[in-house]
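Novice: If it helps, the file is called model_39.csv and holds CSV, N, CA and C atoms:
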chain,number,residue,atom,x,y,z
A,1,MET,N,19.6,-19.8,-43.1
A,1,MET,CA,18.5,-18.8,-42.7
A,1,MET,C,17.6,-19.4,-41.6
A,2,LYS,N,17.4,-20.7,-41.6
A,2,LYS,CA,16.6,-21.3,-40.5
A,2,LYS,C,17.3,-21.2,-39.2
A,3,LYS,N,18.7,-21.3,-39.2
A,3,LYS,CA,19.4,-21.2,-38.0
A,3,LYS,C,19.3,-19.7,-37.4
A,4,ILE,N,19.3,-18.8,-38.3
A,4,ILE,CA,19.2,-17.4,-37.8
A,4,ILE,C,17.9,-17.1,-37.2
A,5,ILE,N,16.8,-17.6,-37.8
A,5,ILE,CA,15.5,-17.4,-37.3
A,5,ILE,C,15.3,-18.2,-36.0
A,6,SER,N,15.9,-19.4,-35.9
A,6,SER,CA,15.8,-20.2,-34.6
A,6,SER,C,16.5,-19.4,-33.5
A,7,ILE,N,17.7,-18.9,-33.8
A,7,ILE,CA,18.5,-18.2,-32.8
A,7,ILE,C,17.7,-16.9,-32.4
A,8,PHE,N,17.1,-16.2,-33.3
A,8,PHE,CA,16.3,-15.0,-33.0
A,8,PHE,C,15.1,-15.4,-32.1
A,9,VAL,N,14.4,-16.4,-32.4
A,9,VAL,CA,13.3,-16.9,-31.6
A,9,VAL,C,13.8,-17.3,-30.2
A,10,LEU,N,14.9,-18.0,-30.1
A,10,LEU,CA,15.4,-18.4,-28.8
A,10,LEU,C,15.8,-17.1,-28.0
A,11,ILE,N,16.4,-16.2,-28.6
A,11,ILE,CA,16.8,-14.9,-27.8
A,11,ILE,C,15.5,-14.2,-27.4
A,12,LEU,N,14.5,-14.1,-28.2
A,12,LEU,CA,13.2,-13.5,-27.8
A,12,LEU,C,12.6,-14.2,-26.6
A,13,THR,N,12.6,-15.5,-26.7
A,13,THR,CA,12.0,-16.3,-25.7
A,13,THR,C,12.7,-16.1,-24.3
A,14,VAL,N,14.0,-16.2,-24.3
A,14,VAL,CA,14.8,-16.0,-23.1
A,14,VAL,C,14.6,-14.6,-22.6
A,15,SER,N,14.5,-13.6,-23.4
A,15,SER,CA,14.3,-12.2,-23.0
A,15,SER,C,12.9,-12.0,-22.3
A,16,PHE,N,11.9,-12.6,-22.9
A,16,PHE,CA,10.5,-12.5,-22.3
A,16,PHE,C,10.5,-13.2,-21.0
A,17,SER,N,11.1,-14.4,-20.9
A,17,SER,CA,11.1,-15.1,-19.7
A,17,SER,C,11.8,-14.4,-18.6
A,18,ALA,N,12.9,-13.7,-18.9
A,18,ALA,CA,13.6,-13.0,-17.9
A,18,ALA,C,12.8,-11.8,-17.4
A,19,GLN,N,12.1,-11.1,-18.3
A,19,GLN,CA,11.3,-10.0,-17.9
A,19,GLN,C,10.1,-10.4,-17.1
A,20,ALA,N,9.5,-11.5,-17.4
A,20,ALA,CA,8.4,-12.0,-16.6
A,20,ALA,C,8.8,-12.3,-15.2
A,21,GLN,N,10.0,-13.0,-15.1
A,21,GLN,CA,10.5,-13.4,-13.8
A,21,GLN,C,10.9,-12.1,-13.0
A,22,ASP,N,11.5,-11.1,-13.6
A,22,ASP,CA,11.8,-9.9,-12.9
A,22,ASP,C,10.6,-9.2,-12.4
A,23,LYS,N,9.5,-9.2,-13.2
A,23,LYS,CA,8.2,-8.6,-12.7
A,23,LYS,C,7.7,-9.4,-11.5
A,24,ARG,N,7.7,-10.7,-11.5
A,24,ARG,CA,7.2,-11.5,-10.4
A,24,ARG,C,8.0,-11.2,-9.2
A,25,MET,N,9.3,-11.1,-9.3
A,25,MET,CA,10.2,-10.8,-8.2
A,25,MET,C,9.9,-9.5,-7.5
A,26,LYS,N,9.6,-8.4,-8.4
A,26,LYS,CA,9.3,-7.1,-7.8
A,26,LYS,C,7.9,-7.2,-7.1
A,27,GLU,N,6.9,-7.9,-7.7
A,27,GLU,CA,5.6,-8.0,-7.1
A,27,GLU,C,5.7,-8.7,-5.8
A,28,SER,N,6.5,-9.7,-5.7
A,28,SER,CA,6.6,-10.5,-4.5
A,28,SER,C,7.3,-9.8,-3.3
A,29,SER,N,8.1,-8.8,-3.6
A,29,SER,CA,8.8,-8.0,-2.6
A,29,SER,C,7.8,-7.0,-1.9
A,30,ASN,N,6.6,-6.9,-2.4
A,30,ASN,CA,5.7,-6.0,-1.8
A,30,ASN,C,5.0,-6.7,-0.6
A,31,LYS,N,5.0,-6.0,0.5
A,31,LYS,CA,4.4,-6.6,1.7
A,31,LYS,C,3.0,-5.9,2.0
A,32,VAL,N,2.2,-6.5,2.8
A,32,VAL,CA,0.9,-5.9,3.1
A,32,VAL,C,0.8,-5.5,4.5
A,33,ILE,N,0.2,-4.4,4.8
A,33,ILE,CA,-0.1,-3.9,6.2
A,33,ILE,C,-1.6,-4.0,6.2
A,34,ALA,N,-2.1,-4.9,7.0
A,34,ALA,CA,-3.6,-5.1,7.2
A,34,ALA,C,-4.1,-4.3,8.4
A,35,LEU,N,-5.1,-3.4,8.1
A,35,LEU,CA,-5.7,-2.6,9.2
A,35,LEU,C,-7.2,-2.9,9.2
A,36,GLU,N,-7.8,-2.8,10.4
A,36,GLU,CA,-9.2,-3.0,10.5
A,36,GLU,C,-9.8,-1.8,11.1
A,37,GLN,N,-11.0,-1.3,10.5
A,37,GLN,CA,-11.7,-0.2,11.1
A,37,GLN,C,-13.0,-0.7,11.7
A,38,THR,N,-13.4,-0.3,12.9
A,38,THR,CA,-14.7,-0.5,13.5
A,38,THR,C,-15.3,0.9,13.6
A,39,LYS,N,-16.5,1.0,14.2
A,39,LYS,CA,-17.1,2.4,14.3
A,39,LYS,C,-16.2,3.3,15.1
A,40,GLY,N,-15.7,4.3,14.4
A,40,GLY,CA,-14.9,5.4,15.0
A,40,GLY,C,-13.5,5.1,15.3
A,41,GLU,N,-13.0,4.0,15.0
A,41,GLU,CA,-11.6,3.7,15.3
A,41,GLU,C,-10.9,2.6,14.5
A,42,PHE,N,-9.6,2.6,14.5
A,42,PHE,CA,-8.8,1.5,14.0
A,42,PHE,C,-8.6,0.6,15.1
A,43,THR,N,-8.6,-0.7,14.9
A,43,THR,CA,-8.3,-1.7,16.0
A,43,THR,C,-6.9,-1.7,16.3
A,44,GLN,N,-6.0,-1.4,15.3
A,44,GLN,CA,-4.6,-1.3,15.6
A,44,GLN,C,-4.2,0.1,15.8
A,45,LYS,N,-3.7,0.5,17.0
A,45,LYS,CA,-3.3,1.8,17.3
A,45,LYS,C,-1.9,2.2,17.0
A,46,GLN,N,-1.0,1.2,17.0
A,46,GLN,CA,0.4,1.4,16.7
A,46,GLN,C,1.0,0.2,15.9
A,47,ILE,N,1.7,0.4,14.9
A,47,ILE,CA,2.3,-0.7,14.1
A,47,ILE,C,3.8,-0.3,13.9
A,48,VAL,N,4.6,-1.3,13.9
A,48,VAL,CA,6.0,-1.1,13.7
A,48,VAL,C,6.4,-2.1,12.5
A,49,VAL,N,7.0,-1.5,11.5
A,49,VAL,CA,7.4,-2.3,10.3
A,49,VAL,C,8.8,-1.9,9.9
A,50,SER,N,9.4,-2.6,9.1
A,50,SER,CA,10.8,-2.3,8.5
A,50,SER,C,10.6,-1.4,7.3
A,51,GLU,N,11.6,-0.7,6.9
A,51,GLU,CA,11.6,0.1,5.7
A,51,GLU,C,11.3,-0.8,4.5
A,52,GLY,N,10.5,-0.3,3.6
A,52,GLY,CA,10.2,-1.1,2.4
A,52,GLY,C,9.0,-0.7,1.7
A,53,THR,N,8.6,-1.5,0.8
A,53,THR,CA,7.4,-1.3,-0.1
A,53,THR,C,6.2,-2.0,0.4
A,54,TYR,N,5.1,-1.4,0.6
A,54,TYR,CA,3.9,-2.0,1.2
A,54,TYR,C,2.7,-1.6,0.4
A,55,THR,N,1.6,-2.4,0.6
A,55,THR,CA,0.3,-2.1,0.2
A,55,THR,C,-0.5,-2.1,1.5
A,56,PHE,N,-1.5,-1.2,1.6
A,56,PHE,CA,-2.3,-1.2,2.8
A,56,PHE,C,-3.6,-1.9,2.5
A,57,SER,N,-4.1,-2.8,3.3
A,57,SER,CA,-5.3,-3.5,3.2
A,57,SER,C,-6.2,-3.0,4.3
A,58,ILE,N,-7.3,-2.4,4.0
A,58,ILE,CA,-8.2,-1.7,5.0
A,58,ILE,C,-9.5,-2.5,5.0
A,59,ALA,N,-9.8,-3.1,6.2
A,59,ALA,CA,-11.1,-3.8,6.4
A,59,ALA,C,-12.1,-2.9,7.0
A,60,ASN,N,-13.3,-2.9,6.5
A,60,ASN,CA,-14.4,-2.1,7.1
A,60,ASN,C,-15.2,-3.2,7.8
A,61,ASN,N,-15.1,-3.2,9.1
A,61,ASN,CA,-15.7,-4.2,10.0
A,61,ASN,C,-17.0,-3.6,10.6
A,62,ASN,N,-18.1,-3.6,9.8
A,62,ASN,CA,-19.4,-3.2,10.3
A,62,ASN,C,-19.4,-1.8,10.8
A,63,VAL,N,-18.7,-0.9,10.1
A,63,VAL,CA,-18.7,0.5,10.5
A,63,VAL,C,-20.1,1.1,10.2
A,64,GLY,N,-20.7,0.7,9.2
A,64,GLY,CA,-22.1,1.2,8.8
A,64,GLY,C,-22.0,2.3,7.7
A,65,THR,N,-20.8,2.6,7.3
A,65,THR,CA,-20.6,3.6,6.3
A,65,THR,C,-19.3,3.3,5.5
A,66,ASP,N,-19.1,3.9,4.4
A,66,ASP,CA,-17.8,3.7,3.7
A,66,ASP,C,-16.7,4.2,4.5
A,67,VAL,N,-15.5,3.6,4.3
A,67,VAL,CA,-14.3,4.1,5.0
A,67,VAL,C,-13.2,4.3,4.0
A,68,GLY,N,-12.2,5.0,4.5
A,68,GLY,CA,-11.0,5.3,3.6
A,68,GLY,C,-9.7,5.2,4.5
A,69,PHE,N,-8.6,5.7,4.0
A,69,PHE,CA,-7.4,5.6,4.7
A,69,PHE,C,-6.5,6.8,4.3
A,70,VAL,N,-5.9,7.5,5.3
A,70,VAL,CA,-5.0,8.6,5.0
A,70,VAL,C,-3.7,8.4,5.9
A,71,LEU,N,-2.6,8.5,5.2
A,71,LEU,CA,-1.3,8.4,5.9
A,71,LEU,C,-0.5,9.7,5.7
A,72,VAL,N,0.0,10.2,6.9
A,72,VAL,CA,0.8,11.5,6.8
A,72,VAL,C,2.0,11.3,7.7
A,73,PRO,N,3.2,11.9,7.2
A,73,PRO,CA,4.3,11.9,8.1
A,73,PRO,C,4.0,12.6,9.4
A,74,LYS,N,4.4,12.0,10.5
A,74,LYS,CA,4.1,12.6,11.8
A,74,LYS,C,4.8,14.0,11.9
A,75,GLY,N,4.0,14.9,12.5
A,75,GLY,CA,4.4,16.3,12.6
A,75,GLY,C,3.9,17.2,11.5
A,76,LYS,N,3.5,16.7,10.4
A,76,LYS,CA,2.9,17.5,9.3
A,76,LYS,C,1.4,17.7,9.6
A,77,ASP,N,0.9,18.8,9.0
A,77,ASP,CA,-0.5,19.1,9.1
A,77,ASP,C,-1.4,18.1,8.4
A,78,ILE,N,-2.1,17.3,9.2
A,78,ILE,CA,-2.9,16.3,8.6
A,78,ILE,C,-4.1,16.8,7.8
A,79,SER,N,-4.5,18.1,8.0
A,79,SER,CA,-5.7,18.6,7.3
A,79,SER,C,-5.3,19.1,5.9
A,80,ASN,N,-4.0,19.2,5.7
A,80,ASN,CA,-3.5,19.7,4.4
A,80,ASN,C,-3.3,18.5,3.4
A,81,PRO,N,-4.1,18.3,2.4
A,81,PRO,CA,-3.9,17.1,1.5
A,81,PRO,C,-2.5,17.1,0.9
A,82,GLU,N,-1.8,18.2,0.8
A,82,GLU,CA,-0.5,18.2,0.2
A,82,GLU,C,0.5,17.3,1.0
A,83,ASN,N,0.2,17.1,2.3
A,83,ASN,CA,1.0,16.3,3.2
A,83,ASN,C,0.7,14.8,3.2
A,84,HIS,N,-0.5,14.5,2.6
A,84,HIS,CA,-0.9,13.1,2.6
A,84,HIS,C,0.0,12.3,1.6
A,85,ILE,N,0.2,11.1,2.0
A,85,ILE,CA,1.0,10.1,1.1
A,85,ILE,C,-0.1,9.5,0.2
A,86,LYS,N,-0.3,10.0,-1.0
A,86,LYS,CA,-1.4,9.7,-1.8
A,86,LYS,C,-1.4,8.3,-2.3
A,87,THR,N,-0.3,7.6,-2.4
A,87,THR,CA,-0.2,6.2,-2.9
A,87,THR,C,-0.8,5.3,-1.8
A,88,ALA,N,-0.9,5.8,-0.5
A,88,ALA,CA,-1.4,5.0,0.5
A,88,ALA,C,-3.0,5.1,0.6
A,89,TYR,N,-3.6,6.1,-0.1
A,89,TYR,CA,-5.0,6.1,-0.1
A,89,TYR,C,-5.6,4.8,-0.7
A,90,VAL,N,-6.7,4.3,-0.2
A,90,VAL,CA,-7.3,3.2,-0.8
A,90,VAL,C,-7.8,3.6,-2.2
A,91,THR,N,-7.7,2.6,-3.1
A,91,THR,CA,-8.0,2.9,-4.5
A,91,THR,C,-9.5,3.3,-4.7
A,92,ALA,N,-10.4,2.9,-3.8
A,92,ALA,CA,-11.8,3.3,-3.8
A,92,ALA,C,-12.3,3.2,-2.4
A,93,VAL,N,-13.3,4.0,-2.0
A,93,VAL,CA,-13.8,3.9,-0.7
A,93,VAL,C,-14.2,2.5,-0.4
A,94,VAL,N,-14.1,2.1,0.9
A,94,VAL,CA,-14.3,0.7,1.2
A,94,VAL,C,-15.7,0.6,1.8
A,95,PRO,N,-16.7,-0.1,1.1
A,95,PRO,CA,-18.0,-0.3,1.7
A,95,PRO,C,-18.1,-1.1,2.9
A,96,ASN,N,-19.2,-1.0,3.6
A,96,ASN,CA,-19.4,-1.8,4.9
A,96,ASN,C,-19.1,-3.3,4.7
A,97,ASN,N,-18.4,-3.9,5.6
A,97,ASN,CA,-18.1,-5.3,5.6
A,97,ASN,C,-17.3,-5.8,4.4
A,98,THR,N,-16.5,-5.0,3.9
A,98,THR,CA,-15.6,-5.4,2.8
A,98,THR,C,-14.2,-4.9,3.1
A,99,THR,N,-13.2,-5.2,2.2
A,99,THR,CA,-11.8,-4.8,2.4
A,99,THR,C,-11.4,-4.2,1.1
A,100,GLY,N,-10.6,-3.1,1.2
A,100,GLY,CA,-10.0,-2.4,0.1
A,100,GLY,C,-8.5,-2.3,0.2
A,101,THR,N,-7.9,-1.9,-0.8
A,101,THR,CA,-6.4,-1.8,-0.8
A,101,THR,C,-5.9,-0.5,-1.4
A,102,SER,N,-4.7,-0.2,-1.0
A,102,SER,CA,-4.1,1.0,-1.6
A,102,SER,C,-3.2,0.6,-2.7
A,103,ASN,N,-2.6,1.6,-3.3
A,103,ASN,CA,-1.5,1.3,-4.3
A,103,ASN,C,-0.2,1.0,-3.5
A,104,VAL,N,0.8,0.6,-4.2
A,104,VAL,CA,2.1,0.3,-3.6
A,104,VAL,C,2.7,1.6,-3.1
A,105,THR,N,3.1,1.5,-1.8
A,105,THR,CA,3.7,2.7,-1.2
A,105,THR,C,5.0,2.4,-0.6
A,106,LYS,N,6.0,3.2,-0.9
A,106,LYS,CA,7.4,3.0,-0.4
A,106,LYS,C,7.4,3.8,0.9
A,107,LEU,N,7.8,3.1,2.0
A,107,LEU,CA,7.9,3.7,3.3
A,107,LEU,C,9.4,3.8,3.7
A,108,THR,N,9.8,5.0,4.1
A,108,THR,CA,11.1,5.2,4.6
A,108,THR,C,11.1,5.4,6.1
A,109,LYS,N,12.3,5.3,6.7
A,109,LYS,CA,12.3,5.3,8.2
A,109,LYS,C,11.7,6.6,8.7
A,110,GLY,N,11.0,6.5,9.8
A,110,GLY,CA,10.3,7.6,10.4
A,110,GLY,C,9.0,7.2,11.0
A,111,GLU,N,8.2,8.2,11.5
A,111,GLU,CA,6.9,7.9,12.0
A,111,GLU,C,5.8,8.6,11.2
A,112,TYR,N,4.7,7.9,11.1
A,112,TYR,CA,3.6,8.4,10.3
A,112,TYR,C,2.3,8.3,11.2
A,113,VAL,N,1.3,9.1,10.9
A,113,VAL,CA,0.0,8.9,11.6
A,113,VAL,C,-1.0,8.5,10.5
A,114,TYR,N,-2.0,7.7,10.9
A,114,TYR,CA,-3.0,7.3,9.9
A,114,TYR,C,-4.4,7.5,10.6
A,115,PHE,N,-5.3,7.8,9.7
A,115,PHE,CA,-6.7,8.0,10.1
A,115,PHE,C,-7.7,7.9,9.0
A,116,CYS,N,-8.9,7.9,9.3
A,116,CYS,CA,-10.0,7.8,8.3
A,116,CYS,C,-10.9,9.0,8.5
A,117,PRO,N,-11.0,9.9,7.5
A,117,PRO,CA,-11.8,11.1,7.6
A,117,PRO,C,-13.3,10.7,7.5
A,118,LEU,N,-13.6,9.6,6.8
A,118,LEU,CA,-15.0,9.2,6.6
A,118,LEU,C,-15.6,8.6,7.9
A,119,ASN,N,-14.8,7.9,8.6
A,119,ASN,CA,-15.2,7.1,9.8
A,119,ASN,C,-14.9,7.9,11.1
A,120,LYS,N,-14.3,9.1,10.9
A,120,LYS,CA,-13.9,10.0,12.0
A,120,LYS,C,-13.1,9.3,13.1
A,121,THR,N,-12.1,8.6,12.6
A,121,THR,CA,-11.2,7.9,13.6
A,121,THR,C,-10.2,8.9,14.2
A,122,SER,N,-9.6,8.5,15.3
A,122,SER,CA,-8.6,9.3,16.0
A,122,SER,C,-7.4,9.5,15.0
A,123,THR,N,-6.7,10.6,15.3
A,123,THR,CA,-5.6,10.9,14.4
A,123,THR,C,-4.3,10.6,15.2
A,124,ASP,N,-4.4,9.8,16.3
A,124,ASP,CA,-3.1,9.5,17.0
A,124,ASP,C,-2.7,8.0,16.8
A,125,ASN,N,-3.2,7.4,15.7
A,125,ASN,CA,-2.7,6.1,15.3
A,125,ASN,C,-1.3,6.2,14.7
A,126,VAL,N,-0.3,5.4,15.1
A,126,VAL,CA,1.0,5.6,14.7
A,126,VAL,C,1.6,4.4,13.9
A,127,LEU,N,2.2,4.7,12.8
A,127,LEU,CA,3.0,3.7,12.1
A,127,LEU,C,4.5,4.1,12.2
A,128,VAL,N,5.3,3.2,12.8
A,128,VAL,CA,6.7,3.4,12.9
A,128,VAL,C,7.4,2.6,11.9
A,129,VAL,N,8.3,3.2,11.1
A,129,VAL,CA,9.1,2.5,10.1
A,129,VAL,C,10.5,2.5,10.6
A,130,GLN,N,11.1,1.4,10.8
A,130,GLN,CA,12.5,1.3,11.3
A,130,GLN,C,13.5,1.0,10.2
So that I can check it, write out the structure of this file as C-alpha cells.
Specialist:
Amino acid sequence: MKKIISIFVLILTVSFSAQAQDKRMKESSNKVIALEQTKGEFTQKQIVVSEGTYTFSIANNNVGTDVGFVLVPKGKDISNPENHIKTAYVTAVVPNNTTGTSNVTKLTKGEYVYFCPLNKTSTDNVLVVQ
C-alpha cells in the first residue's frame, strides 16, 4: 500500500512540475513592444516586428493627461471600435508619468496603425509585422 501511495505522489509531483514549466515557457515566449507618448504624439512612428505574441507597454511621458492605446489593421475604419484589436488596449488608462500594459496580443503578418484617442495622437503611426 505504501508503494502505491508513493508512486501516486511521485506521479502527481512530476505532473505538476511539467505543467508549471509549460506555463513558464508560454509566458517567456511573450515579447514586449514598448511605446512612449508625449504631448500629442508617439515618439515611435514606425515599428517592424516579427509575427508572434506581444504585450504593449505604453509610457506616458509628461503628457499631462491619461493616455491609452488603440491598434487597428491598416485599411480598416479606425473610428469603428469593432475594428480595434481589443487585446492590445491598455488594461487601464495610463496616468501622467507612468507606464501601462496591454493584454497578450497575437500579431499576424500585415500592417497595423496605432493611436491614442485620449492624447489625440496622429493616426499614421504604423506597426509592420513580417
Novice: Excluding segment 38-45 of chain A and residues on its chain fewer than 2 positions from it, collect all residues at most 5 Å away from it, counting all atoms listed in the file, and give them as JSON, numbers by chain.
Specialist: {"A": [36, 47, 61, 63, 119, 120, 121, 125, 126]}
Novice: Have a look at A:Val93, A:Val72, A:Ile78, A:Val129 and name the one nearest to Val113 of chain A; count all atoms listed in the file.
Specialist: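 Comparing A:Val93, A:Val72, A:Ile78, A:Val129 against Val113 of chain A, the winner is A:Val72.
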Novice: Rounded to one decimal, what separation in Å do you get between atom C of Asn97 of chain A and atom CA of Ser57 of chain A?
Specialist: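 For atom C of Asn97 of chain A relative to atom CA of Ser57 of chain A, the distance reads 12.3 Å.
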Novice: Identify all residues of segment 20-70 of chain A in strand (DSSP E) (DSSP on the backbone) and supply them as a PyMOL selection string.
Specialist: chain A and resi 31-38+41-42+46-49+52-60+70
Novice: Report the distance between atom CA of Val48 of chain A and atom N of Lys74 of chain A in Å, rounded to one decimal place.
Specialist: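 Those two atoms sit 13.6 Å apart.
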Novice: So, counting only N, CA and C atoms, which residue among A:Pro73, A:Gly52, A:Asn62, A:His84 is closest to Gln37 of chain A?
Specialist: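 The closest residue to Gln37 of chain A is A:Asn62.
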Novice: Using all atoms listed in the file, which of A:Ser29, A:Leu71, A:Gly100, A:Lys109 sits nearest Tyr54 of chain A?
Specialist: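 Checking each of A:Ser29, A:Leu71, A:Gly100, A:Lys109 against Tyr54 of chain A, counting all atoms listed in the file, the winner is A:Ser29.
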Novice: One decimal, Å: what's the distance from atom CA of Leu35 of chain A over to atom CA of Phe56 of chain A, could you say?
Specialist: 7.4 Å
Novice: So which one's closest to Ser102 of chain A, A:Ser122, A:Thr87, A:Gln46, A:Thr65? Using all atoms listed in the file, please.
Specialist: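 The closest residue to Ser102 of chain A is A:Thr87.
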Novice: Using only N, CA and C atoms, which residues sit within 7 Å of Gln130 of chain A once same-chain residues fewer than 2 positions away are excluded, as a PyMOL selection string?
Specialist: chain A and resi 48-51+108-110+128
Novice: Return the single residue from A:Asn30, A:Thr123, A:Thr55, A:Asn80 that is closest to Thr101 of chain A, with distances computed using only N, CA and C atoms.
Specialist: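 That would be A:Thr55, the residue with the smallest distance to Thr101 of chain A.
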